[in-house]
Amino acid sequence: QKVGTQCWRSVRRVMNFSTKKRPRKDAWKELQSELDEREKLEEENSAKQRRLDALRARACIEEDPTPAARHCYMDFEIGRQMGRDPQITRGRLVVELFHDLMPRTVGRFVELLESQHEPTYRASLVSKIMPGDYMVAGDRDTRLEGSMRQDHTAFVRQSVMGEAKWQLPHLNPGILSLVDGRTPRFHVTFRKMEELDGWHAVFGKVVYGFDLLKLISEQGNINGEPKQPVVMTGGGAVPEGTHPREFLKKLEQPEDPEEHGYNKKVMRYSSTYRHTGLIGH
């Protein structure tokens, strides 16, 4: 037993082992550095949150748009140009563009709106309408009959992915976002679409024309196929410093024949149907 105790003491002496808690050198300095790092991290997180809040505020609907921002307008036509009296609905969307966030994308977008020749948005169809959700506009692969058609590979977005702001949310109806970075197609939402956040870069929002958006939403089927053609007939940029309200246009809807009391369908007596019992006699 005495030999074992001496061996244990020698082992403790060699390993400098002690059951007592030894004081750490520079313990206060280490603690202070940890506190400084934590404080720095909190400041970075708060600054990041402020930036996100500012981006979310950009996507909110404003009561009165500011003329200092960059705006554009898009004209749409709903219906078919067929028959003696085609039932056509025409309207205009006025859009605020986030030029300070995505300048190259916005510049190219306005060029396509104003261009009279290919590549252009004129005569492009709304190819997909999910009622109550969103639509896909600017499809240049499907064009109006008689209009020029050109392969979409002629259009290439320059460094779109490099300047895309993925933090901008689809917070409200009327948010414009890119479908992808290779084609000129873009989304316009009919409601808050959190499903698109982080997948599609937002570059603008509608400020006037929500009545037209509602009509376009009603033209969609469950599978996304439009009930009747919805065509972008033109567009352009609002001059700098001009209030976008000056570019508003009243929604032009066809007259309802039933409301005016004419063009009613009248069932007339026919001997052909008298014998079948389809018309009571």
# chains A, B, ... in the order shown; residues from 1 in each chain; ligands from 1

$ residues_around --residues "segment 53-57 of chain A" --least-positions-apart "4" --cutoff "7 Å" --atoms "only C-alpha atoms" --output "PDB file with N, CA, C and O atoms, in the first residue's frame"
ATOM      1  N   GLN A  49     -31.043  43.040 -41.223  1.00  0.00           N
ATOM      2  CA  GLN A  49     -32.492  43.104 -41.066  1.00  0.00           C
ATOM      3  C   GLN A  49     -33.039  44.447 -41.549  1.00  0.00           C
ATOM      4  O   GLN A  49     -34.117  44.509 -42.153  1.00  0.00           O
ATOM      5  N   LEU A 168     -35.851  40.558 -52.501  1.00  0.00           N
ATOM      6  CA  LEU A 168     -37.105  41.281 -52.714  1.00  0.00           C
ATOM      7  C   LEU A 168     -38.259  40.287 -52.767  1.00  0.00           C
ATOM      8  O   LEU A 168     -38.258  39.365 -53.583  1.00  0.00           O
ATOM      9  N   PRO A 169     -39.279  40.456 -51.924  1.00  0.00           N
ATOM     10  CA  PRO A 169     -40.367  39.474 -51.865  1.00  0.00           C
ATOM     11  C   PRO A 169     -41.501  39.804 -52.835  1.00  0.00           C
ATOM     12  O   PRO A 169     -41.670  40.946 -53.265  1.00  0.00           O
TER      13      PRO A 169
END

$ atom_distance --atom1 "atom CA of Asn45 of chain A" --atom2 "atom CA of Leu178 of chain A"
28.3 Å

$ closest_residue --among "A:Leu41, A:Ala237, A:Leu101, A:Val136" --to "Ile175 of chain A" --atoms "only C-alpha atoms"
A:Val136

$ residues_around --residues "Gly198 of chain A" --least-positions-apart "3" --cutoff "10 Å" --atoms "only C-alpha atoms" --output "mmCIF file with C-alpha atoms, in the first residue's frame"
data_model
loop_
_atom_site.group_PDB
_atom_site.id
_atom_site.type_symbol
_atom_site.label_atom_id
_atom_site.label_comp_id
_atom_site.auth_asym_id
_atom_site.auth_seq_id
_atom_site.Cartn_x
_atom_site.Cartn_y
_atom_site.Cartn_z
ATOM 1 C CA LYS A 165 -31.973 40.923 -55.810
ATOM 2 C CA TRP A 166 -33.309 37.641 -54.495
ATOM 3 C CA GLN A 167 -34.309 39.201 -51.148
ATOM 4 C CA LEU A 168 -37.105 41.281 -52.714
ATOM 5 C CA PRO A 169 -40.367 39.474 -51.865
ATOM 6 C CA HIS A 170 -43.521 38.965 -53.934
ATOM 7 C CA GLU A 194 -44.434 33.648 -51.226
ATOM 8 C CA GLU A 195 -43.906 30.569 -53.402
ATOM 9 C CA ALA A 201 -35.757 38.202 -59.148
ATOM 10 C CA VAL A 202 -38.183 41.108 -58.596
#

$ select_by_dssp --residues "segment 40-215 of chain A" --states "strand (DSSP E or B)" --output "JSON, numbers by chain"
{"A": [70, 71, 72, 73, 74, 75, 76, 77, 78, 89, 90, 91, 92, 93, 94, 95, 96, 97, 124, 125, 128, 129, 130, 134, 135, 136, 137, 139, 140, 141, 142, 143, 175, 176, 177, 178, 186, 187, 188, 189, 202, 203, 204, 205, 206, 207, 208]}

$ residues_around --residues "Gln228 of chain A" --least-positions-apart "6" --cutoff "12 Å" --atoms "only C-alpha atoms" --output "list of chain:residue names"
A:Glu77, A:Ile78, A:Gly79, A:Arg80, A:Gln81, A:Met82, A:Gln87, A:Ile88, A:Thr89, A:Leu125, A:Val126, A:Ser127, A:Lys128, A:Ile129, A:Leu215, A:Ile216, A:Ser217, A:Glu218, A:Gln219, A:Gly220, A:Asn221
